[in-house]
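Text of start.cif (mmCIF, C-alpha atoms) as supplied:
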data_coords
loop_
_atom_site.label_atom_id
_atom_site.label_comp_id
_atom_site.auth_asym_id
_atom_site.auth_seq_id
_atom_site.Cartn_x
_atom_site.Cartn_y
_atom_site.Cartn_z
CA MET A 1 16.95 -5.76 -13.12
CA ALA A 2 16.16 -8.79 -15.32
CA ARG A 3 19.84 -9.78 -15.05
CA TYR A 4 19.66 -9.37 -11.27
CA GLN A 5 16.67 -11.72 -11.23
CA ALA A 6 18.70 -14.15 -13.34
CA GLY A 7 21.44 -14.15 -10.67
CA ASP A 8 24.06 -11.98 -12.40
CA PHE A 9 26.68 -10.71 -9.87
CA ALA A 10 27.73 -7.74 -12.02
CA ALA A 11 24.11 -6.61 -12.35
CA VAL A 12 23.74 -6.46 -8.54
CA THR A 13 26.85 -4.32 -8.15
CA ALA A 14 25.75 -2.02 -10.98
CA LEU A 15 22.26 -1.64 -9.51
CA VAL A 16 23.55 -0.92 -6.01
CA GLU A 17 25.95 1.70 -7.37
CA CYS A 18 23.29 3.28 -9.55
CA ILE A 19 20.22 3.25 -7.25
CA GLY A 20 21.97 3.15 -3.85
CA PRO A 21 23.03 6.83 -3.74
CA GLN A 22 19.52 7.98 -4.73
CA LEU A 23 17.92 5.88 -2.00
CA HIS A 24 20.49 7.08 0.53
CA ARG A 25 19.66 10.70 -0.33
CA PHE A 26 15.96 9.87 -0.07
CA PHE A 27 16.53 8.64 3.50
CA MET A 28 18.90 11.47 4.44
CA ALA A 29 16.34 14.07 3.37
CA GLN A 30 13.74 12.50 5.67
CA SER A 31 15.51 13.95 8.71
CA VAL A 32 17.37 10.82 9.73
CA SER A 33 21.02 10.69 10.81
CA ARG A 34 23.69 9.47 8.44
CA SER A 35 24.13 6.20 10.32
CA ASP A 36 20.35 5.65 10.28
CA ALA A 37 20.33 6.34 6.54
CA ASP A 38 23.11 3.77 6.08
CA ASP A 39 21.10 1.21 8.09
CA LEU A 40 17.93 2.00 6.15
CA LEU A 41 19.82 1.60 2.88
CA GLN A 42 21.13 -1.80 3.98
CA ASP A 43 17.63 -2.86 5.16
CA THR A 44 16.09 -1.69 1.90
CA TRP A 45 18.51 -3.68 -0.21
CA LEU A 46 17.98 -6.78 1.89
CA ARG A 47 14.21 -6.36 1.44
CA ILE A 48 14.65 -5.73 -2.30
CA HIS A 49 16.79 -8.86 -2.51
CA ARG A 50 14.16 -10.95 -0.72
CA VAL A 51 11.28 -9.79 -2.94
CA ARG A 52 13.13 -9.27 -6.23
CA HIS A 53 10.85 -11.81 -7.92
CA THR A 54 7.92 -9.35 -7.50
CA TYR A 55 9.46 -7.04 -10.09
CA ARG A 56 8.11 -7.74 -13.58
CA PRO A 57 10.43 -7.06 -16.49
CA GLY A 58 9.09 -4.22 -18.60
CA GLU A 59 7.53 -2.34 -15.69
CA PRO A 60 9.13 0.95 -14.53
CA VAL A 61 11.89 0.05 -12.10
CA LEU A 62 12.31 3.24 -10.02
CA PRO A 63 8.78 3.20 -8.54
CA TRP A 64 9.35 -0.42 -7.51
CA PHE A 65 12.56 0.48 -5.64
CA TYR A 66 11.01 3.55 -4.04
CA ALA A 67 7.85 1.67 -2.99
CA ILE A 68 10.04 -0.77 -1.03
CA ALA A 69 12.30 1.99 0.33
CA ARG A 70 9.23 3.87 1.51
CA ARG A 71 7.93 0.78 3.30
CA VAL A 72 11.30 0.28 5.02
CA ARG A 73 11.32 3.92 6.14
CA ILE A 74 7.76 3.65 7.50
CA ASP A 75 8.68 0.45 9.37
CA HIS A 76 11.74 2.20 10.79
CA TYR A 77 9.63 5.18 11.85
CA ARG A 78 7.03 2.93 13.53
CA ARG A 79 9.71 0.93 15.32
CA ALA A 80 11.46 4.10 16.47
CA SER A 81 8.25 5.73 17.69
CA ARG A 82 7.25 2.57 19.57
CA THR A 83 10.68 2.41 21.21
CA THR A 84 10.47 6.12 22.06
CA THR A 85 7.06 5.62 23.67
CA ARG A 86 8.39 2.76 25.80
CA GLU A 87 11.49 4.69 26.81
CA ARG A 88 9.39 7.67 27.76
CA ARG A 89 7.16 5.46 29.89
CA LEU A 90 10.15 4.01 31.68
CA GLU A 91 12.26 7.07 32.12
CA ASP A 92 9.55 9.73 32.06
CA VAL A 93 11.59 11.94 29.77
CA PRO A 94 9.58 14.82 28.27
CA ASP A 95 9.30 14.76 24.50
CA VAL A 96 10.91 17.75 22.81
CA ALA A 97 9.66 18.55 19.32
CA ALA A 98 12.43 18.77 16.75
CA VAL A 99 11.37 22.09 15.23
CA LEU A 100 13.99 23.84 13.20
CA PRO A 101 14.58 27.50 14.04
CA PRO A 102 13.82 29.69 10.99
CA GLU A 103 17.46 30.86 10.81
CA GLU A 104 18.53 27.29 10.04
CA ALA A 105 16.37 27.25 6.98
CA GLN A 106 18.88 29.57 5.35
CA SER A 107 21.12 26.57 4.97
CA GLU A 108 21.25 25.02 1.52
CA ASP A 109 20.95 21.44 2.81
CA LEU A 110 18.10 19.61 1.16
CA GLU A 111 16.96 18.18 4.51
CA VAL A 112 16.78 21.67 6.02
CA LEU A 113 15.00 23.13 3.00
CA LEU A 114 12.37 20.43 3.09
CA ALA A 115 12.01 20.44 6.88
CA PRO A 116 8.80 22.56 6.92
CA LEU A 117 7.01 19.96 4.80
CA PRO A 118 5.03 17.02 6.15
CA HIS A 119 6.51 13.57 5.35
CA SER A 120 4.03 12.77 2.58
CA GLN A 121 4.80 16.00 0.68
CA ARG A 122 8.53 15.74 1.33
CA GLU A 123 8.83 12.25 -0.13
CA VAL A 124 6.81 13.20 -3.20
CA LEU A 125 9.02 16.23 -3.83
CA LEU A 126 12.17 14.15 -3.30
CA MET A 127 11.05 11.55 -5.81
CA MET A 128 10.22 14.27 -8.28
CA LYS A 129 13.22 16.56 -7.89
CA VAL A 130 16.00 14.22 -6.75
CA ALA A 131 15.10 10.97 -8.49
CA GLY A 132 13.52 12.73 -11.48
CA MET A 133 10.45 10.50 -11.44
CA SER A 134 7.27 11.34 -13.35
CA LEU A 135 3.93 11.94 -11.62
CA GLU A 136 2.73 8.52 -12.81
CA ASP A 137 5.81 6.80 -11.35
CA ILE A 138 5.42 8.64 -8.03
CA ALA A 139 1.77 7.61 -7.92
CA ARG A 140 2.84 3.98 -8.36
CA ALA A 141 5.56 4.24 -5.70
CA THR A 142 3.27 5.86 -3.15
CA ALA A 143 0.20 3.77 -4.06
CA CYS A 144 -2.02 6.76 -4.70
CA SER A 145 -3.59 8.51 -7.67
CA VAL A 146 -1.79 10.97 -9.98
CA GLY A 147 -4.27 13.64 -8.85
CA SER A 148 -3.29 13.12 -5.25
CA VAL A 149 0.43 13.40 -6.15
CA LYS A 150 -0.24 16.65 -8.03
CA GLN A 151 -2.08 18.03 -5.03
CA LYS A 152 0.80 17.14 -2.69
CA VAL A 153 3.34 18.78 -5.01
CA HIS A 154 1.18 21.89 -5.26
CA ARG A 155 0.85 22.11 -1.47
CA ALA A 156 4.57 21.46 -0.99
CA TYR A 157 5.46 24.31 -3.35
CA LYS A 158 3.08 26.63 -1.57
CA THR A 159 4.61 25.80 1.83
CA LEU A 160 8.14 26.19 0.48
CA ARG A 161 7.27 29.49 -1.19
CA ASP A 162 5.77 30.83 2.03
CA SER A 163 8.70 29.62 4.12
CA MET A 164 11.34 30.99 1.71
CA ASN A 165 9.50 34.31 1.38
CA ALA A 166 9.33 34.55 5.16
CA ILE A 167 13.08 33.95 5.40
CA GLY A 168 13.73 36.49 2.63
CA GLY A 169 11.58 39.06 4.45
CA LYS A 170 13.39 38.42 7.72
CA LYS A 171 16.77 38.78 6.02
CA GLY A 172 15.68 42.06 4.40
CA SER A 173 14.40 43.53 7.65
CA SER A 174 17.51 42.48 9.62
CA ARG A 175 19.72 44.11 6.94
CA GLY A 176 17.71 47.34 7.25
CA GLN A 177 18.41 47.53 11.00
CA PRO A 178 21.47 49.53 12.16
CA MET B 1 9.57 33.55 -4.94
CA THR B 2 8.48 31.67 -8.08
CA ASP B 3 8.23 27.90 -8.63
CA GLU B 4 11.24 28.07 -10.99
CA GLU B 5 13.35 29.69 -8.28
CA ILE B 6 12.28 27.00 -5.81
CA ASP B 7 13.25 24.37 -8.41
CA LYS B 8 16.71 25.94 -8.74
CA VAL B 9 17.21 26.01 -4.96
CA LEU B 10 16.14 22.36 -4.68
CA GLN B 11 18.38 21.29 -7.59
CA LYS B 12 21.33 23.10 -6.04
CA ALA B 13 20.67 21.58 -2.62
CA SER B 14 20.24 18.10 -4.05
CA GLY B 15 23.54 18.42 -5.96
CA ALA B 16 25.33 19.61 -2.83
CA ALA B 17 24.15 16.65 -0.70
CA THR B 18 26.88 14.54 0.90
CA PRO B 19 27.31 11.41 -1.21
CA VAL B 20 27.00 7.95 0.27
CA GLU B 21 30.29 6.30 1.25
CA PRO B 22 31.51 3.88 -1.46
CA ALA B 23 32.35 1.45 1.36
CA THR B 24 28.68 1.38 2.36
CA LEU B 25 27.63 0.52 -1.19
CA LYS B 26 30.30 -2.15 -1.41
CA ARG B 27 29.15 -3.66 1.89
CA VAL B 28 25.56 -3.75 0.59
CA ALA B 29 26.57 -5.36 -2.72
CA ASP B 30 28.72 -7.95 -0.92
CA SER B 31 25.88 -8.87 1.43
CA LEU B 32 23.62 -9.54 -1.59
CA HIS B 33 26.22 -11.54 -3.51
CA SER B 34 26.36 -14.20 -0.82
CA SER B 35 22.72 -15.26 -1.36
CA LEU B 36 22.32 -14.46 -5.05
CA ARG B 37 20.57 -17.09 -7.14
CA PRO B 38 18.13 -16.91 -10.06
CA VAL B 39 14.49 -16.23 -9.24
CA ARG B 40 11.34 -16.62 -11.31
CA PRO B 41 9.26 -13.41 -11.61
CA LEU B 42 5.62 -13.60 -10.56
CA PRO B 43 3.14 -14.58 -13.30
CA PRO B 44 1.07 -11.83 -15.00
CA THR B 45 -1.76 -10.22 -13.04
CA TRP B 46 -4.50 -11.86 -15.11
CA VAL B 47 -3.14 -15.35 -14.36
CA LEU B 48 -3.11 -14.71 -10.61
CA THR B 49 -6.54 -13.04 -10.77
CA THR B 50 -7.95 -16.06 -12.60
CA GLY B 51 -6.50 -18.30 -9.88
CA LEU B 52 -8.14 -16.18 -7.18
CA ALA B 53 -11.50 -16.17 -8.98
CA VAL B 54 -11.37 -19.96 -9.34
CA ILE B 55 -10.58 -20.34 -5.62
CA CYS B 56 -13.52 -18.11 -4.64
CA ALA B 57 -15.94 -19.91 -6.97
CA VAL B 58 -14.80 -23.40 -5.95
CA VAL B 59 -15.01 -22.64 -2.21
CA ALA B 60 -18.48 -21.07 -2.60
CA VAL B 61 -19.88 -23.84 -4.80
CA ALA B 62 -18.34 -26.66 -2.73
CA THR B 63 -19.73 -25.35 0.55
CA ALA B 64 -23.12 -24.58 -1.03
CA ALA B 65 -23.22 -28.08 -2.51
CA ARG B 66 -22.69 -29.49 0.95
CA ALA B 67 -25.33 -27.22 2.53
CA GLY B 68 -27.82 -27.35 -0.37
CA PHE B 69 -28.55 -25.08 -3.35
CA TYR B 70 -31.86 -23.83 -1.91
CA GLY B 71 -31.29 -20.20 -2.80
CA ILE B 72 -30.40 -20.60 -6.46
CA GLU B 73 -33.22 -23.14 -6.92
CA LYS B 74 -35.78 -20.62 -5.60
CA MET B 75 -34.50 -17.77 -7.81
CA SER B 76 -35.76 -17.04 -11.32
CA LEU B 77 -33.29 -17.38 -14.19
CA GLU B 78 -32.96 -13.58 -14.57
CA GLU B 79 -32.32 -13.13 -10.84
CA SER B 80 -29.67 -15.81 -10.71
CA VAL B 81 -27.94 -14.54 -13.88
CA LEU B 82 -27.91 -10.95 -12.61
CA ILE B 83 -26.65 -11.84 -9.14
CA LEU B 84 -23.99 -14.30 -10.30
CA SER B 85 -22.72 -11.95 -13.01
CA ALA B 86 -22.49 -9.06 -10.55
CA LEU B 87 -20.61 -11.30 -8.12
CA ALA B 88 -18.31 -12.56 -10.89
CA ILE B 89 -17.44 -8.98 -11.91
CA LEU B 90 -16.82 -7.96 -8.30
CA VAL B 91 -14.67 -11.04 -7.66
CA TRP B 92 -12.61 -10.25 -10.76
CA VAL B 93 -12.11 -6.60 -9.73
CA ALA B 94 -11.31 -7.58 -6.13
CA GLY B 95 -8.88 -10.24 -7.35
CA THR B 96 -7.08 -7.74 -9.57
CA GLN B 97 -6.90 -5.25 -6.70
CA PHE B 98 -5.57 -7.91 -4.34
CA VAL B 99 -2.84 -8.96 -6.79
CA ARG B 100 -1.88 -5.30 -7.21
CA GLN B 101 -1.64 -4.88 -3.47
CA LEU B 102 0.91 -7.69 -3.37
CA ILE B 103 3.14 -6.36 -6.14
CA PRO B 104 5.08 -3.21 -5.21
CA ALA B 105 4.51 -0.13 -7.40
CA SER B 106 1.43 -1.49 -9.12
CA ARG B 107 -1.13 0.99 -10.42
CA GLN B 108 -3.84 1.70 -7.83
CA PRO B 109 -6.72 3.36 -9.64
CA LEU B 110 -8.91 3.15 -6.51
CA THR B 111 -8.11 3.76 -2.87
CA VAL B 112 -8.90 0.74 -0.71
CA GLY B 113 -11.58 2.65 1.20
CA ALA B 114 -13.31 3.60 -2.05
CA PHE B 115 -13.00 0.02 -3.25
CA VAL B 116 -14.75 -1.43 -0.17
CA THR B 117 -17.48 1.22 -0.41
CA ILE B 118 -18.05 0.63 -4.13
CA SER B 119 -18.14 -3.17 -3.72
CA SER B 120 -20.68 -2.99 -0.89
CA ALA B 121 -22.75 -0.34 -2.71
CA ALA B 122 -22.79 -2.44 -5.91
CA LEU B 123 -24.05 -5.46 -3.98
CA LEU B 124 -26.67 -3.34 -2.23
CA GLY B 125 -27.79 -1.96 -5.59
CA VAL B 126 -28.22 -5.39 -7.17
CA PHE B 127 -30.01 -6.81 -4.14
CA ALA B 128 -32.29 -3.77 -3.82
CA LEU B 129 -33.20 -4.11 -7.49
CA LEU B 130 -34.17 -7.78 -7.22
CA PHE B 131 -35.67 -8.27 -3.76
CA ARG B 132 -38.77 -6.25 -2.84
CA ASP B 133 -40.30 -8.25 0.01
CA TYR B 134 -39.78 -5.86 2.93
CA HIS B 135 -41.54 -7.84 5.65
CA THR B 136 -39.18 -9.23 8.29
CA GLU B 137 -39.19 -12.43 10.30
CA HIS B 138 -36.40 -13.64 12.61
CA PHE B 139 -34.38 -10.70 11.36
CA ILE B 140 -31.56 -10.91 13.93
CA SER B 141 -31.29 -14.68 14.46
CA ALA B 142 -31.50 -15.61 10.76
CA GLY B 143 -29.22 -12.70 9.86
CA ILE B 144 -26.49 -13.59 12.32
CA ALA B 145 -26.58 -17.19 11.11
CA CYS B 146 -26.06 -16.01 7.51
CA LEU B 147 -23.32 -13.55 8.50
CA LEU B 148 -21.42 -16.27 10.40
CA THR B 149 -21.88 -18.75 7.55
CA GLY B 150 -20.56 -16.19 5.07
CA MET B 151 -17.54 -15.50 7.27
CA LEU B 152 -16.88 -19.21 7.75
CA VAL B 153 -16.87 -19.71 3.98
CA ALA B 154 -14.64 -16.65 3.57
CA THR B 155 -11.97 -18.13 5.85
CA PRO B 156 -10.82 -20.99 3.58
CA ALA B 157 -11.15 -18.69 0.55
CA ALA B 158 -8.83 -16.18 2.27
CA LEU B 159 -6.33 -18.88 3.28
CA LEU B 160 -6.20 -20.39 -0.22
CA SER B 161 -5.86 -16.91 -1.78
CA TRP B 162 -2.98 -16.14 0.52
CA LEU B 163 -1.40 -19.49 -0.40
CA LEU B 164 -1.64 -18.58 -4.10
CA LEU B 165 -0.11 -15.15 -3.54
CA ARG B 166 2.38 -16.09 -0.82
CA ARG B 167 5.31 -14.98 -3.02
CA GLY B 168 3.90 -11.46 -3.22
CA PHE B 169 5.03 -8.58 -1.04
CA ALA B 170 2.51 -6.21 0.51
CA VAL B 171 3.91 -2.70 0.73
CA ASN B 172 0.88 -1.85 2.87
CA PRO B 173 -0.24 -5.01 4.74
CA VAL B 174 -3.35 -3.34 6.21
CA ALA B 175 -4.63 -2.30 2.77
CA ALA B 176 -3.73 -5.72 1.34
CA GLY B 177 -5.61 -7.43 4.20
CA LEU B 178 -8.62 -5.20 3.59
CA VAL B 179 -8.78 -6.02 -0.13
CA GLY B 180 -8.13 -9.72 0.55
CA GLY B 181 -11.00 -9.59 3.06
CA VAL B 182 -13.33 -8.14 0.43
CA LEU B 183 -12.38 -10.92 -1.99
CA ALA B 184 -12.93 -13.64 0.60
CA GLY B 185 -16.15 -11.94 1.72
CA LEU B 186 -17.45 -12.05 -1.85
CA SER B 187 -16.86 -15.79 -1.84
CA GLY B 188 -19.00 -15.95 1.32
CA VAL B 189 -21.75 -13.86 -0.32
CA MET B 190 -21.67 -16.13 -3.38
CA MET B 191 -22.20 -19.16 -1.17
CA LEU B 192 -25.09 -17.43 0.65
CA GLU B 193 -26.80 -16.57 -2.64
CA LEU B 194 -26.52 -20.20 -3.72
CA HIS B 195 -27.69 -21.56 -0.39
CA CYS B 196 -29.93 -19.11 1.49
CA ALA B 197 -33.60 -19.31 0.55
CA ASN B 198 -34.63 -16.39 2.76
CA PHE B 199 -35.58 -13.73 0.18
CA GLN B 200 -36.68 -11.00 2.60
CA ALA B 201 -35.16 -7.81 1.22
CA LEU B 202 -33.88 -6.48 4.54
CA HIS B 203 -32.29 -9.82 5.42
CA ILE B 204 -30.33 -9.87 2.17
CA LEU B 205 -29.56 -6.14 2.10
CA VAL B 206 -28.25 -6.06 5.65
CA TRP B 207 -26.83 -9.46 6.50
CA HIS B 208 -25.63 -10.82 3.17
CA THR B 209 -24.03 -7.52 2.19
CA ALA B 210 -22.50 -7.15 5.65
CA VAL B 211 -20.27 -10.17 5.00
CA VAL B 212 -18.10 -8.03 2.69
CA PRO B 213 -17.28 -5.10 5.03
CA VAL B 214 -16.99 -7.41 8.07
CA CYS B 215 -14.50 -9.68 6.25
CA ALA B 216 -12.67 -6.57 4.99
CA ALA B 217 -12.35 -5.33 8.58
CA ALA B 218 -11.13 -8.76 9.71
CA GLY B 219 -8.62 -8.82 6.85
CA SER B 220 -7.25 -5.40 7.71
CA LEU B 221 -6.90 -6.51 11.33
CA VAL B 222 -4.88 -9.53 10.20
CA GLY B 223 -2.75 -7.22 8.03
CA TRP B 224 -2.20 -4.88 10.96
CA ALA B 225 -1.17 -7.79 13.20
CA LEU B 226 1.25 -9.10 10.55
CA ARG B 227 2.77 -5.64 10.09
CA ARG B 228 3.18 -5.26 13.83
CA ARG B 229 4.85 -8.67 14.03
CA SER B 230 7.22 -7.80 11.20
CA THR B 231 8.32 -4.54 12.89
CA PRO B 232 9.04 -5.43 16.50
CA ALA B 233 10.22 -2.54 18.65
#

As C-alpha cells, how would this structure be written, given the file I've shared?
Amino acid sequence: MARYQAGDFAAVTALVECIGPQLHRFFMAQSVSRSDADDLLQDTWLRIHRVRHTYRPGEPVLPWFYAIARRVRIDHYRRASRTTTRERRLEDVPDVAAVLPPEEAQSEDLEVLLAPLPHSQREVLLMMKVAGMSLEDIARATACSVGSVKQKVHRAYKTLRDSMNAIGGKKGSSRGQP
Amino acid sequence: MTDEEIDKVLQKASGAATPVEPATLKRVADSLHSSLRPVRPLPPTWVLTTGLAVICAVVAVATAARAGFYGIEKMSLEESVLILSALAILVWVAGTQFVRQLIPASRQPLTVGAFVTISSAALLGVFALLFRDYHTEHFISAGIACLLTGMLVATPAALLSWLLLRRGFAVNPVAAGLVGGVLAGLSGVMMLELHCANFQALHILVWHTAVVPVCAAAGSLVGWALRRRSTPA
C-alpha cells in the first residue's frame, strides 16, 4: 500500500489482483448480479485510487479497503432504490419482494446461504469468514464497536442455524413420505 | 446444527464461489495506471486535531474580542478555569472524533449519537455546577440572540475545519457532518462564554448548551445533502 501511495505501477497491479477477488466476492454475496458486482468493483477501485492518501502506513489495510467498498455498495443501493422509486412512480409497477423460496437455500452458493440474513449481519459474516478479518478489523471497517460486531455475528449464526435446521427438517420429512 | 458445522458450510460455499474474471481485474488495474502518481499520506491524527483546536479557539477569541469579553470579565477565576478547561477537553475530543470520521477504518470508540449526548450532557453538568441564579428575564429574546450568535460563530469555524480536512474522505458523511457540527458548535459556546454576561442559570443551561446540538443537526443536514449530491439517481 505504501508503494501504491508512492506511485509504483507493480504495486497497483499486485493489490488489485490480491484484494480485487475478495471485494468482488463481498459484492456478489450481497445479492447483486455479476455485472453489478463488476461495476461496484470498478467504482470501489476508482474511489480507493482517489482517496489513497487517507491510508496511513502501519494501519491495518483490509478494514480500510472494506470501509470504502461498503460505502460504494451503500451508495449503489441508495441510487438503485431511488431509481426504483422513480420508475415505480412513472410506470406504476408493483414491487415484488425478492424472497428466496426455502428449497433454494439448499444450494451451496454463499449468496443463497446468507440470503436470510439482514445486510448488516451478512457483511459482518462475509468479512469474518471470507476475508478472514478479526473482530477489531471488522469494527473499524463498519465504524462500530467490537461488542456490536460480536452481537451481529451471534445473531447471524442463530438465524443461519434456525434456517439450516428448518431445511434439514423439511428434507427429513420429505424423505419419510412415500 | 452447531456453529462449527455452519463454519464448514460457509467455508465450502466461499471456496466454491465463481472467481472474478482476470480481464475485469486487468481493466481495473489499467484504469488506475493512467492516473497514478505519488501522494502524500494525511498527517497523524494529533496534528490535525491540534489544527482543529487552534481554529476553534482563534475563531471564538477573535469574535469575542470584537464583541467584548464581558462574560469572562464577570466570571471568577475558578469559574473561568473550569469552563475553559471543560471546553478545551471537549474541543479536543470532538476534533479527534472529526478527524477519525474523515479517515476510513479509523477506530470509533463512541457512536456519533452517544458523542453528541455526552458532549451536551458534559456542558450541562459544568454549567449547572457553576450557575445557580434561577430567576429568568428576557428568557426567549436573550436566548435566541445567544443561540444565533453561537451559530454564526460556528459557521466560520466549520468552514475552516472543513478546509483543514478537505483531503479526508467521509465514509459516512451524515455522521461526519454531525461531529463537525459539534466541534463548530463548541467554538460558538466558547465565544458565548467569553462574551455573554447574562449569568442566569436557565439562560446558559438552555440557550448556550443548545448551540451544540443545533449545530450538530445542521452539520448532519449538510452531510446528508452532500451525500445525496454525490449519489445522484

Residues matched by the PyMOL selection byres ((chain A) within 8 of (chain B)) as an MDAnalysis selection string: chainID A and resid 4:9 12:13 16:17 20:21 24:25 38 42 45:46 49 51:56 63:64 67:68 71 75:76 78:80 82:83 108:110 113 129:130 139:145 157 160:161 164:165

For those residues, write C-alpha atoms to a file as a compact mmCIF listing (two decimals), in the frame of the given file.
# COMPACT_ATOMS: atom_id res chain seq x y z
CA TYR A 4 19.66 -9.37 -11.27
CA GLN A 5 16.67 -11.72 -11.23
CA ALA A 6 18.70 -14.15 -13.34
CA GLY A 7 21.44 -14.15 -10.67
CA ASP A 8 24.06 -11.98 -12.40
CA PHE A 9 26.68 -10.71 -9.87
CA VAL A 12 23.74 -6.46 -8.54
CA THR A 13 26.85 -4.32 -8.15
CA VAL A 16 23.55 -0.92 -6.01
CA GLU A 17 25.95 1.70 -7.37
CA GLY A 20 21.97 3.15 -3.85
CA PRO A 21 23.03 6.83 -3.74
CA HIS A 24 20.49 7.08 0.53
CA ARG A 25 19.66 10.70 -0.33
CA ASP A 38 23.11 3.77 6.08
CA GLN A 42 21.13 -1.80 3.98
CA TRP A 45 18.51 -3.68 -0.21
CA LEU A 46 17.98 -6.78 1.89
CA HIS A 49 16.79 -8.86 -2.51
CA VAL A 51 11.28 -9.79 -2.94
CA ARG A 52 13.13 -9.27 -6.23
CA HIS A 53 10.85 -11.81 -7.92
CA THR A 54 7.92 -9.35 -7.50
CA TYR A 55 9.46 -7.04 -10.09
CA ARG A 56 8.11 -7.74 -13.58
CA PRO A 63 8.78 3.20 -8.54
CA TRP A 64 9.35 -0.42 -7.51
CA ALA A 67 7.85 1.67 -2.99
CA ILE A 68 10.04 -0.77 -1.03
CA ARG A 71 7.93 0.78 3.30
CA ASP A 75 8.68 0.45 9.37
CA HIS A 76 11.74 2.20 10.79
CA ARG A 78 7.03 2.93 13.53
CA ARG A 79 9.71 0.93 15.32
CA ALA A 80 11.46 4.10 16.47
CA ARG A 82 7.25 2.57 19.57
CA THR A 83 10.68 2.41 21.21
CA GLU A 108 21.25 25.02 1.52
CA ASP A 109 20.95 21.44 2.81
CA LEU A 110 18.10 19.61 1.16
CA LEU A 113 15.00 23.13 3.00
CA LYS A 129 13.22 16.56 -7.89
CA VAL A 130 16.00 14.22 -6.75
CA ALA A 139 1.77 7.61 -7.92
CA ARG A 140 2.84 3.98 -8.36
CA ALA A 141 5.56 4.24 -5.70
CA THR A 142 3.27 5.86 -3.15
CA ALA A 143 0.20 3.77 -4.06
CA CYS A 144 -2.02 6.76 -4.70
CA SER A 145 -3.59 8.51 -7.67
CA TYR A 157 5.46 24.31 -3.35
CA LEU A 160 8.14 26.19 0.48
CA ARG A 161 7.27 29.49 -1.19
CA MET A 164 11.34 30.99 1.71
CA ASN A 165 9.50 34.31 1.38

Selection result for the PyMOL selection byres ((chain B and resi 120-124) around 8) on this file, as a VMD selection string: chain B and resid 86 to 87 116 to 119 125 to 128 205 209 to 210 212 to 213

Could you tell me how far atom CA of B:Val182 sits from atom CA of B:Ala218, in Å to one decimal place?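 Calculated distance between atom CA of B:Ala218 and atom CA of B:Val182 is 9.6 Å.
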
Which polymer residues have any atom within 12 Å of an atom of B:Leu163, counting all atoms listed in the file, with same-chain residues fewer than 6 positions away left out, as a list in words? Leu48, Gly51, Leu52, Ile55, Pro156, Ala157 and Gly180 of chain B

Selection file, C-alpha atoms, as a short mmCIF file (atom, residue, chain, number, x, y, z; two decimals), keeping the file's coordinate frame:
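Saved file out-v3.cif follows:
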data_model
loop_
_atom_site.label_atom_id
_atom_site.label_comp_id
_atom_site.auth_asym_id
_atom_site.auth_seq_id
_atom_site.Cartn_x
_atom_site.Cartn_y
_atom_site.Cartn_z
CA LEU B 48 -3.11 -14.71 -10.61
CA GLY B 51 -6.50 -18.30 -9.88
CA LEU B 52 -8.14 -16.18 -7.18
CA ILE B 55 -10.58 -20.34 -5.62
CA PRO B 156 -10.82 -20.99 3.58
CA ALA B 157 -11.15 -18.69 0.55
CA GLY B 180 -8.13 -9.72 0.55
#

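Within 7 Å of stretch 131-146 of chain B, once all atoms listed in the file are used and residues closer than 5 positions along the same chain are dropped, the contacting residues are B:Phe199, B:Gln200, B:Ala201, B:Leu202, B:His203, B:Trp207, B:His208.
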
Write the residues you've just listed into a file as a compact mmCIF listing (two decimals), in the frame of the given file, and include C-alpha atoms for each of them.
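Output saved as part_34.txt:
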# COMPACT_ATOMS: atom_id res chain seq x y z
CA PHE B 199 -35.58 -13.73 0.18
CA GLN B 200 -36.68 -11.00 2.60
CA ALA B 201 -35.16 -7.81 1.22
CA LEU B 202 -33.88 -6.48 4.54
CA HIS B 203 -32.29 -9.82 5.42
CA TRP B 207 -26.83 -9.46 6.50
CA HIS B 208 -25.63 -10.82 3.17

Residues within 9 Å of B:Cys215, please, as an MDAnalysis selection string. Count all atoms listed in the file; anything in the same chain fewer than 3 positions from it doesn't count. chainID B and resid 150:151 154:155 178 180:186 210:212 218:220

Once 4 Å is added on each side, what are the centre and the three edge lengths, in Å to one decimal, of the axis-aligned box enclosing the listed atoms of stretch 86-105 of chain B? Present them as lines of an AutoDock Vina configuration file.
center_x = -8.7
center_y = -6.3
center_z = -7.6
size_x = 35.6
size_y = 20.4
size_z = 16.5

What does the distance between atom CA of A:Ile138 and atom CA of B:Ala216 come to in Å, to one decimal place?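 Separation between atom CA of A:Ile138 and atom CA of B:Ala216: 27.0 Å.
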
In Å, with one decimal, what is the gap from atom CA of B:Leu147 to atom CA of B:Leu160? 20.4 Å

Pick from A:Met28, A:Leu23, A:Leu62, A:Ala37: nearest to A:Met133, with only C-alpha atoms counted?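 Closest candidate: A:Leu62.
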
Missing atoms in stretch 214-220 of chain B should be modelled up to N, CA and C atoms and reported as a PDB file, keeping the file's coordinate frame.
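Saved result, result-v9.pdb, follows:
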ATOM      1  N   VAL B 214     -17.487  -6.754   6.846  1.00  0.00           N
ATOM      2  CA  VAL B 214     -16.990  -7.410   8.070  1.00  0.00           C
ATOM      3  C   VAL B 214     -15.713  -8.202   7.755  1.00  0.00           C
ATOM      4  N   CYS B 215     -15.717  -8.932   6.629  1.00  0.00           N
ATOM      5  CA  CYS B 215     -14.500  -9.680   6.250  1.00  0.00           C
ATOM      6  C   CYS B 215     -13.364  -8.708   5.915  1.00  0.00           C
ATOM      7  N   ALA B 216     -13.712  -7.563   5.307  1.00  0.00           N
ATOM      8  CA  ALA B 216     -12.670  -6.570   4.990  1.00  0.00           C
ATOM      9  C   ALA B 216     -12.037  -6.067   6.289  1.00  0.00           C
ATOM     10  N   ALA B 217     -12.871  -5.804   7.296  1.00  0.00           N
ATOM     11  CA  ALA B 217     -12.350  -5.330   8.580  1.00  0.00           C
ATOM     12  C   ALA B 217     -11.465  -6.407   9.217  1.00  0.00           C
ATOM     13  N   ALA B 218     -11.924  -7.665   9.142  1.00  0.00           N
ATOM     14  CA  ALA B 218     -11.130  -8.760   9.710  1.00  0.00           C
ATOM     15  C   ALA B 218      -9.795  -8.887   8.975  1.00  0.00           C
ATOM     16  N   GLY B 219      -9.839  -8.738   7.652  1.00  0.00           N
ATOM     17  CA  GLY B 219      -8.620  -8.820   6.850  1.00  0.00           C
ATOM     18  C   GLY B 219      -7.637  -7.717   7.197  1.00  0.00           C
ATOM     19  N   SER B 220      -8.158  -6.508   7.378  1.00  0.00           N
ATOM     20  CA  SER B 220      -7.250  -5.400   7.710  1.00  0.00           C
ATOM     21  C   SER B 220      -6.643  -5.597   9.098  1.00  0.00           C
TER      22      SER B 220
END
